[in-house]
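Asker: Okay, so here is structure01.pdb, and as you'll see once you scroll down, it has PDB, C-alpha atoms (C1' of nucleotides).
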ATOM      1  CA  MET A   1      -5.492  25.198 -10.624
ATOM      2  CA  CYS A   2      -3.563  26.316  -7.588
ATOM      3  CA  ALA A   3      -0.448  28.418  -7.901
ATOM      4  CA  ASN A   4       1.228  26.744  -4.963
ATOM      5  CA  MET A   5       0.066  23.207  -4.677
ATOM      6  CA  ASP A   6       2.380  22.346  -1.823
ATOM      7  CA  THR A   7       0.953  25.005   0.408
ATOM      8  CA  ASP A   8      -2.620  24.118  -0.488
ATOM      9  CA  THR A   9      -3.508  21.532   2.117
ATOM     10  CA  THR A  10      -6.788  20.577   0.514
ATOM     11  CA  THR A  11      -5.304  19.807  -2.866
ATOM     12  CA  SER A  12      -2.403  17.804  -1.571
ATOM     13  CA  GLU A  13      -4.737  15.842   0.708
ATOM     14  CA  VAL A  14      -6.723  14.857  -2.336
ATOM     15  CA  PHE A  15      -3.622  13.401  -3.929
ATOM     16  CA  GLN A  16      -2.747  11.676  -0.693
ATOM     17  CA  VAL A  17      -6.146   9.984  -0.644
ATOM     18  CA  GLN A  18      -5.898   9.147  -4.319
ATOM     19  CA  ALA A  19      -2.444   7.631  -3.807
ATOM     20  CA  GLU A  20      -3.725   5.502  -0.930
ATOM     21  CA  PHE A  21      -6.480   4.232  -3.159
ATOM     22  CA  CYS A  22      -4.092   3.458  -6.004
ATOM     23  CA  LYS A  23      -1.883   1.503  -3.626
ATOM     24  CA  CYS A  24      -4.726  -0.947  -3.224
ATOM     25  CA  LEU A  25      -4.752  -1.460  -6.967
ATOM     26  CA  ALA A  26      -0.964  -1.738  -7.127
ATOM     27  CA  ASP A  27      -0.731  -5.422  -6.263
ATOM     28  CA  PRO A  28      -1.314  -8.245  -8.780
ATOM     29  CA  LYS A  29      -3.041 -10.488  -6.272
ATOM     30  CA  ARG A  30      -5.506  -7.818  -5.274
ATOM     31  CA  LEU A  31      -6.186  -7.095  -8.926
ATOM     32  CA  MET A  32      -6.889 -10.799  -9.439
ATOM     33  CA  ILE A  33      -9.267 -10.774  -6.498
ATOM     34  CA  ILE A  34     -11.106  -7.799  -7.945
ATOM     35  CA  HIS A  35     -11.250  -9.572 -11.270
ATOM     36  CA  GLU A  36     -12.648 -12.711  -9.685
ATOM     37  CA  LEU A  37     -15.313 -10.716  -7.879
ATOM     38  CA  ARG A  38     -16.481  -9.185 -11.097
ATOM     39  CA  LEU A  39     -18.954 -11.941 -11.795
ATOM     40  CA  GLY A  40     -20.384 -11.945  -8.308
ATOM     41  CA  GLU A  41     -19.590 -12.558  -4.695
ATOM     42  CA  LYS A  42     -17.247 -15.309  -3.563
ATOM     43  CA  SER A  43     -16.191 -16.734  -0.238
ATOM     44  CA  VAL A  44     -12.652 -16.412   1.073
ATOM     45  CA  SER A  45     -11.982 -20.097   0.483
ATOM     46  CA  GLU A  46     -13.294 -19.909  -3.076
ATOM     47  CA  LEU A  47     -10.988 -17.001  -3.816
ATOM     48  CA  SER A  48      -8.120 -18.622  -2.028
ATOM     49  CA  GLY A  49      -8.641 -21.804  -4.018
ATOM     50  CA  SER A  50      -9.122 -20.356  -7.475
ATOM     51  CA  LEU A  51      -6.205 -17.942  -7.141
ATOM     52  CA  GLY A  52      -3.875 -20.371  -5.427
ATOM     53  CA  LEU A  53      -3.249 -18.110  -2.435
ATOM     54  CA  LYS A  54      -2.798 -19.048   1.191
ATOM     55  CA  GLN A  55      -5.823 -18.496   3.363
ATOM     56  CA  SER A  56      -4.195 -15.934   5.602
ATOM     57  CA  ASN A  57      -2.763 -14.040   2.685
ATOM     58  CA  THR A  58      -6.149 -13.957   0.983
ATOM     59  CA  SER A  59      -7.721 -12.564   4.151
ATOM     60  CA  GLN A  60      -5.001  -9.948   4.402
ATOM     61  CA  HIS A  61      -5.516  -8.724   0.851
ATOM     62  CA  LEU A  62      -9.266  -8.711   1.349
ATOM     63  CA  ALA A  63      -8.778  -6.627   4.481
ATOM     64  CA  VAL A  64      -6.811  -4.065   2.470
ATOM     65  CA  LEU A  65      -9.580  -3.883  -0.111
ATOM     66  CA  ARG A  66     -12.232  -3.752   2.589
ATOM     67  CA  ASN A  67     -10.535  -0.914   4.458
ATOM     68  CA  ALA A  68     -10.354   1.010   1.210
ATOM     69  CA  GLY A  69     -14.071   0.516   0.677
ATOM     70  CA  ILE A  70     -13.501  -1.462  -2.503
ATOM     71  CA  VAL A  71     -15.118  -4.692  -1.359
ATOM     72  CA  GLU A  72     -17.588  -5.547   1.347
ATOM     73  CA  ALA A  73     -18.165  -8.711   3.322
ATOM     74  CA  ARG A  74     -21.307 -10.640   4.187
ATOM     75  CA  ARG A  75     -21.317 -13.513   6.623
ATOM     76  CA  GLU A  76     -23.385 -16.594   5.889
ATOM     77  CA  GLY A  77     -22.898 -19.296   8.453
ATOM     78  CA  SER A  78     -19.248 -19.988   8.760
ATOM     79  CA  LEU A  79     -18.492 -18.559   5.336
ATOM     80  CA  VAL A  80     -17.780 -14.935   4.524
ATOM     81  CA  PHE A  81     -18.684 -13.746   1.074
ATOM     82  CA  TYR A  82     -17.022 -10.777  -0.497
ATOM     83  CA  LYS A  83     -18.221  -8.610  -3.346
ATOM     84  CA  LEU A  84     -17.271  -5.411  -5.086
ATOM     85  CA  VAL A  85     -18.939  -2.399  -3.529
ATOM     86  CA  SER A  86     -19.421  -0.896  -6.934
ATOM     87  CA  GLU A  87     -19.059  -1.864 -10.565
ATOM     88  CA  LYS A  88     -17.160   1.377 -11.049
ATOM     89  CA  ILE A  89     -14.021  -0.129  -9.573
ATOM     90  CA  ALA A  90     -14.006  -2.846 -12.182
ATOM     91  CA  GLN A  91     -14.584  -0.224 -14.859
ATOM     92  CA  ALA A  92     -11.682   1.824 -13.572
ATOM     93  CA  CYS A  93      -9.478  -1.271 -13.807
ATOM     94  CA  ASP A  94     -10.642  -1.796 -17.378
ATOM     95  CA  LEU A  95      -9.738   1.756 -18.259
ATOM     96  CA  VAL A  96      -6.317   1.406 -16.697
ATOM     97  CA  ARG A  97      -5.665  -1.679 -18.806
ATOM     98  CA  GLU A  98      -6.815   0.198 -21.857
ATOM     99  CA  VAL A  99      -4.426   3.039 -21.111
ATOM    100  CA  ILE A 100      -1.598   0.544 -20.689
ATOM    101  CA  ALA A 101      -2.488  -1.146 -23.960
ATOM    102  CA  THR A 102      -2.365   2.154 -25.779
ATOM    103  CA  HIS A 103       1.012   2.894 -24.277
ATOM    104  CA  LEU A 104       2.484  -0.461 -25.142
ATOM    105  CA  GLN A 105       1.228   0.011 -28.674
ATOM    106  CA  LYS A 106       3.011   3.345 -28.924
ATOM    107  CA  ARG A 107       6.178   1.718 -27.666
ATOM    108  CA  GLN A 108       5.806  -1.097 -30.141
ATOM    109  CA  LEU A 109       5.640   1.431 -32.943
ATOM    110  CA  LEU A 110       8.802   3.007 -31.576
ATOM    111  CA  VAL A 111      10.547  -0.369 -31.630
ATOM    112  CA  LYS A 112       9.478  -0.727 -35.249
ATOM    113  CA  ASP A 113      10.973   2.698 -36.028
ATOM    114  CA  LEU A 114      14.206   1.754 -34.291
ATOM    115  CA  ARG A 115      14.484  -1.336 -36.449
ATOM    116  CA  GLN A 116      13.729   0.500 -39.638
ATOM    117  CA  VAL A 117      16.606   2.934 -39.243
ATOM    118  CA  LYS A 118      19.194   1.655 -41.679
TER
ATOM    119  CA  MET B 119     -12.597 -15.973 -17.732
ATOM    120  CA  CYS B 120      -9.991 -18.572 -16.877
ATOM    121  CA  ALA B 121     -10.765 -21.442 -14.558
ATOM    122  CA  ASN B 122      -7.336 -21.387 -12.993
ATOM    123  CA  MET B 123      -5.939 -17.933 -13.058
ATOM    124  CA  ASP B 124      -2.806 -18.778 -11.124
ATOM    125  CA  THR B 125      -1.720 -21.354 -13.660
ATOM    126  CA  ASP B 126      -2.543 -19.073 -16.580
ATOM    127  CA  THR B 127       0.717 -17.249 -17.133
ATOM    128  CA  THR B 128      -0.721 -14.791 -19.617
ATOM    129  CA  THR B 129      -3.526 -13.616 -17.370
ATOM    130  CA  SER B 130      -1.396 -13.237 -14.282
ATOM    131  CA  GLU B 131       1.234 -11.379 -16.298
ATOM    132  CA  VAL B 132      -1.421  -8.895 -17.291
ATOM    133  CA  PHE B 133      -2.178  -8.190 -13.662
ATOM    134  CA  GLN B 134       1.508  -7.955 -12.916
ATOM    135  CA  VAL B 135       1.903  -5.289 -15.583
ATOM    136  CA  GLN B 136      -1.214  -3.515 -14.412
ATOM    137  CA  ALA B 137       0.051  -3.526 -10.831
ATOM    138  CA  GLU B 138       3.387  -2.060 -11.910
ATOM    139  CA  PHE B 139       1.543   0.698 -13.690
ATOM    140  CA  CYS B 140      -0.674   1.414 -10.694
ATOM    141  CA  LYS B 141       2.391   1.657  -8.484
ATOM    142  CA  CYS B 142       3.407   4.707 -10.474
ATOM    143  CA  LEU B 143       0.084   6.298  -9.645
ATOM    144  CA  ALA B 144       0.323   5.281  -5.997
ATOM    145  CA  ASP B 145       2.414   8.209  -4.822
ATOM    146  CA  PRO B 146       0.997  11.664  -4.042
ATOM    147  CA  LYS B 147       4.007  13.505  -5.426
ATOM    148  CA  ARG B 148       3.828  11.699  -8.734
ATOM    149  CA  LEU B 149       0.106  12.404  -8.907
ATOM    150  CA  MET B 150       0.872  16.073  -8.339
ATOM    151  CA  ILE B 151       3.434  15.989 -11.117
ATOM    152  CA  ILE B 152       0.910  14.423 -13.469
ATOM    153  CA  HIS B 153      -1.588  17.061 -12.454
ATOM    154  CA  GLU B 154       0.882  19.846 -13.117
ATOM    155  CA  LEU B 155       1.683  18.455 -16.538
ATOM    156  CA  ARG B 156      -1.957  18.472 -17.509
ATOM    157  CA  LEU B 157      -1.823  21.997 -18.856
ATOM    158  CA  GLY B 158       1.345  21.442 -20.845
ATOM    159  CA  GLU B 159       4.991  20.620 -20.556
ATOM    160  CA  LYS B 160       7.171  21.912 -17.744
ATOM    161  CA  SER B 161      10.846  21.784 -16.934
ATOM    162  CA  VAL B 162      12.215  19.893 -13.968
ATOM    163  CA  SER B 163      12.986  23.091 -12.114
ATOM    164  CA  GLU B 164       9.506  24.468 -12.747
ATOM    165  CA  LEU B 165       7.957  21.303 -11.332
ATOM    166  CA  SER B 166      10.391  21.209  -8.480
ATOM    167  CA  GLY B 167       9.600  24.830  -7.660
ATOM    168  CA  SER B 168       5.828  24.753  -7.894
ATOM    169  CA  LEU B 169       5.518  21.494  -5.954
ATOM    170  CA  GLY B 170       8.134  22.309  -3.362
ATOM    171  CA  LEU B 171      10.181  19.182  -3.998
ATOM    172  CA  LYS B 172      13.932  18.748  -3.948
ATOM    173  CA  GLN B 173      15.569  18.688  -7.336
ATOM    174  CA  SER B 174      16.873  15.161  -7.019
ATOM    175  CA  ASN B 175      13.594  13.842  -5.732
ATOM    176  CA  THR B 176      11.740  15.472  -8.605
ATOM    177  CA  SER B 177      14.114  13.832 -11.078
ATOM    178  CA  GLN B 178      13.626  10.482  -9.393
ATOM    179  CA  HIS B 179       9.849  10.661  -9.589
ATOM    180  CA  LEU B 180      10.045  11.803 -13.195
ATOM    181  CA  ALA B 181      12.289   8.835 -13.931
ATOM    182  CA  VAL B 182       9.666   6.484 -12.510
ATOM    183  CA  LEU B 183       6.992   8.055 -14.674
ATOM    184  CA  ARG B 184       9.292   8.053 -17.686
ATOM    185  CA  ASN B 185      10.163   4.386 -17.309
ATOM    186  CA  ALA B 186       6.487   3.585 -17.138
ATOM    187  CA  GLY B 187       5.910   5.493 -20.352
ATOM    188  CA  ILE B 188       3.645   7.988 -18.635
ATOM    189  CA  VAL B 189       5.719  11.082 -19.382
ATOM    190  CA  GLU B 190       8.359  11.885 -21.935
ATOM    191  CA  ALA B 191      11.266  14.291 -21.876
ATOM    192  CA  ARG B 192      12.494  16.822 -24.381
ATOM    193  CA  ARG B 193      15.784  18.629 -23.965
ATOM    194  CA  GLU B 194      16.025  22.308 -24.835
ATOM    195  CA  GLY B 195      19.420  23.732 -24.027
ATOM    196  CA  SER B 196      20.169  23.011 -20.431
ATOM    197  CA  LEU B 197      16.533  22.530 -19.538
ATOM    198  CA  VAL B 198      14.566  19.298 -19.826
ATOM    199  CA  PHE B 199      10.865  19.615 -20.422
ATOM    200  CA  TYR B 200       8.475  16.866 -19.461
ATOM    201  CA  LYS B 201       4.985  16.237 -20.724
ATOM    202  CA  LEU B 202       2.303  13.589 -20.482
ATOM    203  CA  VAL B 203       2.617  11.039 -23.247
ATOM    204  CA  SER B 204      -1.140  10.898 -23.531
ATOM    205  CA  GLU B 205      -4.161  12.740 -22.229
ATOM    206  CA  LYS B 206      -5.615   9.344 -21.343
ATOM    207  CA  ILE B 207      -3.472   9.144 -18.222
ATOM    208  CA  ALA B 208      -4.966  12.341 -16.883
ATOM    209  CA  GLN B 209      -8.419  11.024 -17.732
ATOM    210  CA  ALA B 210      -7.712   7.798 -15.883
ATOM    211  CA  CYS B 211      -6.710   9.849 -12.841
ATOM    212  CA  ASP B 212      -9.947  11.783 -13.104
ATOM    213  CA  LEU B 213     -11.932   8.595 -13.173
ATOM    214  CA  VAL B 214     -10.107   7.240 -10.148
ATOM    215  CA  ARG B 215     -10.959  10.387  -8.216
ATOM    216  CA  GLU B 216     -14.559  10.057  -9.295
ATOM    217  CA  VAL B 217     -14.673   6.481  -8.070
ATOM    218  CA  ILE B 218     -13.224   7.573  -4.747
ATOM    219  CA  ALA B 219     -15.749  10.379  -4.476
ATOM    220  CA  THR B 220     -18.596   7.957  -5.042
ATOM    221  CA  HIS B 221     -17.210   5.678  -2.363
ATOM    222  CA  LEU B 222     -16.771   8.407   0.175
ATOM    223  CA  GLN B 223     -20.307   9.493  -0.523
ATOM    224  CA  LYS B 224     -21.608   6.001   0.156
ATOM    225  CA  ARG B 225     -19.669   5.970   3.397
ATOM    226  CA  GLN B 226     -21.044   9.339   4.332
ATOM    227  CA  LEU B 227     -24.556   8.021   3.874
ATOM    228  CA  LEU B 228     -23.645   5.098   6.098
ATOM    229  CA  VAL B 229     -22.462   7.494   8.788
ATOM    230  CA  LYS B 230     -25.773   9.279   8.533
ATOM    231  CA  ASP B 231     -27.604   5.968   8.988
ATOM    232  CA  LEU B 232     -25.476   5.147  12.004
ATOM    233  CA  ARG B 233     -26.432   8.432  13.595
ATOM    234  CA  GLN B 234     -30.104   8.065  12.838
ATOM    235  CA  VAL B 235     -30.455   4.787  14.683
ATOM    236  CA  LYS B 236     -32.193   5.752  17.883
TER
ATOM    237  C1'  DT C 237     -19.817 -28.803  26.401
ATOM    238  C1'  DT C 238     -16.019 -30.383  22.777
ATOM    239  C1'  DA C 239     -14.382 -30.626  18.138
ATOM    240  C1'  DC C 240     -13.879 -28.835  13.770
ATOM    241  C1'  DA C 241     -14.008 -25.776   9.730
ATOM    242  C1'  DA C 242     -13.684 -21.021   7.964
ATOM    243  C1'  DT C 243     -11.861 -16.728   8.584
ATOM    244  C1'  DA C 244      -9.161 -13.081  10.863
ATOM    245  C1'  DT C 245      -5.283 -11.388  13.186
ATOM    246  C1'  DT C 246      -0.610 -11.205  14.905
ATOM    247  C1'  DA C 247       4.505 -11.624  14.936
ATOM    248  C1'  DC C 248       8.181 -11.969  12.248
ATOM    249  C1'  DT C 249      11.253 -11.730   8.146
ATOM    250  C1'  DA C 250      12.375 -10.320   3.567
ATOM    251  C1'  DA C 251      11.857  -7.219  -0.110
ATOM    252  C1'  DA C 252      10.518  -2.862  -2.163
ATOM    253  C1'  DT C 253      10.072   2.131  -1.855
ATOM    254  C1'  DA C 254      10.973   6.968  -0.763
ATOM    255  C1'  DA C 255      13.845  10.724   0.858
ATOM    256  C1'  DT C 256      18.155  12.944   1.579
ATOM    257  C1'  DA C 257      22.674  14.139   0.621
ATOM    258  C1'  DA C 258      26.413  13.723  -2.226
ATOM    259  C1'  DT C 259      28.313  13.127  -6.699
ATOM    260  C1'  DA C 260      28.224  12.855 -11.792
ATOM    261  C1'  DT C 261      26.781  14.458 -16.254
ATOM    262  C1'  DT C 262      25.395  17.737 -19.653
ATOM    263  C1'  DG C 263      25.031  22.207 -21.955
ATOM    264  C1'  DG C 264      25.879  27.094 -22.330
ATOM    265  C1'  DA C 265      28.569  31.229 -21.544
ATOM    266  C1'  DA C 266      32.708  33.658 -20.448
TER
ATOM    267  C1'  DT D 267      39.443  25.812 -21.637
ATOM    268  C1'  DT D 268      36.957  26.926 -17.022
ATOM    269  C1'  DC D 269      32.834  27.950 -14.552
ATOM    270  C1'  DC D 270      28.141  27.566 -13.598
ATOM    271  C1'  DA D 271      23.346  26.081 -13.873
ATOM    272  C1'  DA D 272      20.169  22.230 -14.771
ATOM    273  C1'  DT D 273      19.437  17.596 -14.495
ATOM    274  C1'  DA D 274      20.502  12.737 -13.494
ATOM    275  C1'  DT D 275      22.377   9.199 -10.787
ATOM    276  C1'  DT D 276      24.177   6.876  -6.777
ATOM    277  C1'  DA D 277      24.661   5.451  -1.887
ATOM    278  C1'  DT D 278      22.598   5.340   2.257
ATOM    279  C1'  DT D 279      18.945   5.139   5.602
ATOM    280  C1'  DA D 280      14.222   4.857   7.123
ATOM    281  C1'  DT D 281       9.690   3.409   6.136
ATOM    282  C1'  DT D 282       6.368   0.544   4.087
ATOM    283  C1'  DT D 283       4.728  -3.592   2.227
ATOM    284  C1'  DA D 284       4.110  -8.655   1.241
ATOM    285  C1'  DG D 285       4.425 -13.336   2.666
ATOM    286  C1'  DT D 286       4.637 -17.108   5.957
ATOM    287  C1'  DA D 287       3.612 -19.404   9.987
ATOM    288  C1'  DA D 288       1.366 -19.448  14.114
ATOM    289  C1'  DT D 289      -2.485 -18.190  16.849
ATOM    290  C1'  DA D 290      -7.138 -16.335  17.773
ATOM    291  C1'  DT D 291     -11.929 -15.864  16.701
ATOM    292  C1'  DT D 292     -16.371 -17.251  15.052
ATOM    293  C1'  DG D 293     -19.970 -20.439  13.789
ATOM    294  C1'  DT D 294     -21.779 -25.154  13.311
ATOM    295  C1'  DA D 295     -22.584 -29.668  14.561
ATOM    296  C1'  DA D 296     -22.040 -33.601  17.462
TER
END
Take the structure in the file and write it out as structure tokens.
Answerer:
Amino acid sequence: MCANMDTDTTTSEVFQVQAEFCKCLADPKRLMIIHELRLGEKSVSELSGSLGLKQSNTSQHLAVLRNAGIVEARREGSLVFYKLVSEKIAQACDLVREVIATHLQKRQLLVKDLRQVK
Amino acid sequence: MCANMDTDTTTSEVFQVQAEFCKCLADPKRLMIIHELRLGEKSVSELSGSLGLKQSNTSQHLAVLRNAGIVEARREGSLVFYKLVSEKIAQACDLVREVIATHLQKRQLLVKDLRQVK
DNA sequence: TTACAATATTACTAAATAATAATATTGGAA
DNA sequence: TTCCAATATTATTATTTAGTAATATTGTAA
């Protein structure tokens, strides 16, 4: 590890990039889109319909994910189909949920302890 | 999977919670703090010093991480030591970086292809 | 060509976030 | 008690982000 992380451009750039990436995953609608794309590609209108989002808003979120390299688009006629670039993204989301679950469990145990203090 | 995710309160709440969690990981300074805490607990002033952050800003970021259950505090005299609640968080961060690396690699290959078109 | 459907983009507004500076709290030592 | 160091909190401002509505683009079919 670096002694002075703030003066180490390379290291702090890594965290900058990582933060940018995490921002894409920090919105419930985008997470739903990723979840929907798990089972295969879908068109914008399909996503928009199943998630109950406005068309323009769906396109905007897809653009964010596309710019981050998380999804990619394929045009077929007048439709545009989106899919996950890699299964790894979905796996990362799974892991995040697992981490959260573990945390909530710990907290639940704490609540139990709080209640048991007599 | 649910046919209508937007009308399924439980499912969308999950993504809401997940998004909140990801927001904590969506800031380079907080990622640096998490990284620093990997090797063991550190006081606020230690973190503030090694990362080159203002004291109040460090406290604020630690509060965000604390509220999310990512770090926990322990007071020892006038110092407050923070540590990661679980190693899993650090592992999740590792995985995210790995996913990013894979993506950048793919992009790099694409750049190569672009250049090779003659 | 015109008309229409699907998607993308833009302009705008509202809400959330981060940073700074200032102030408050807490604990230890004189 | 008073003073000081460490930490937390608050108020304020600037920046970023999300959503909506409107408009632009693209492709297909008549």
Asker: Return as a list in words the residues belonging to chain B that are within 10 Å of chain D, counting all atoms listed in the file.
Answerer: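 Residues satisfying the distance criterion: Ser161, Val162, Ser163, Gln173, Ser174, Thr176, Ser177, Gln178, Ala181, Gly195, Ser196, Leu197 and Val198 of chain B.
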Asker: Next, the residues of the selection above should be written as a PDB file, in the coordinates of the input with C-alpha atoms.
Answerer:
ATOM      1  CA  SER B 161      10.846  21.784 -16.934  1.00  0.00           C
ATOM      2  CA  VAL B 162      12.215  19.893 -13.968  1.00  0.00           C
ATOM      3  CA  SER B 163      12.986  23.091 -12.114  1.00  0.00           C
ATOM      4  CA  GLN B 173      15.569  18.688  -7.336  1.00  0.00           C
ATOM      5  CA  SER B 174      16.873  15.161  -7.019  1.00  0.00           C
ATOM      6  CA  THR B 176      11.740  15.472  -8.605  1.00  0.00           C
ATOM      7  CA  SER B 177      14.114  13.832 -11.078  1.00  0.00           C
ATOM      8  CA  GLN B 178      13.626  10.482  -9.393  1.00  0.00           C
ATOM      9  CA  ALA B 181      12.289   8.835 -13.931  1.00  0.00           C
ATOM     10  CA  GLY B 195      19.420  23.732 -24.027  1.00  0.00           C
ATOM     11  CA  SER B 196      20.169  23.011 -20.431  1.00  0.00           C
ATOM     12  CA  LEU B 197      16.533  22.530 -19.538  1.00  0.00           C
ATOM     13  CA  VAL B 198      14.566  19.298 -19.826  1.00  0.00           C
TER      14      VAL B 198
END
Asker: Enumerate, as JSON, numbers by chain, the residues matched when the PyMOL selection byres ((chain B and resi 213-219) around 10) is run on the file above.
Answerer: {"A": [14, 15, 17, 18, 19, 21, 22, 68, 69, 70, 86, 87, 88, 89, 91, 92, 93, 95, 96], "B": [207, 208, 209, 210, 211, 212, 220, 221, 222, 223, 224, 225]}
Asker: What does the structure give for the distance between CA of Val117 in chain A and CA of Lys201 in chain B, in Å to one decimal?
Answerer: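 Interatomic distance, CA of Val117 in chain A to CA of Lys201 in chain B: 25.6 Å.
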Asker: One number please: C1' of DT262 in chain C to CA of Lys147 in chain B, in Å, one decimal.
Answerer: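 If I compute the distance from C1' of DT262 in chain C to CA of Lys147 in chain B, I get 26.0 Å.
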Asker: As a check of understanding, name the residues that the PyMOL selection byres ((chain C) within 12 of (chain A)) selects in the supplied structure, as a PyMOL selection string.
Answerer: chain C and resi 240-246
Asker: Would you work out the distance separating CA of Gly170 in chain B from CA of Val203 in chain B, expressed in Å to one decimal?
Answerer: 23.5 Å
Asker: Which is closer to chain B than all the others in A:Leu65, A:Leu47, A:Met32, A:Leu110, using all atoms listed in the file?
Answerer: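 Nearest candidate to chain B out of A:Leu65, A:Leu47, A:Met32, A:Leu110: A:Met32.
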Asker: I'd like to know which of B:Val189, B:Leu169, B:Cys142, B:Leu157 is closest to chain A, using all atoms listed in the file.
Answerer: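 The answer is B:Leu169, which sits nearest to chain A.
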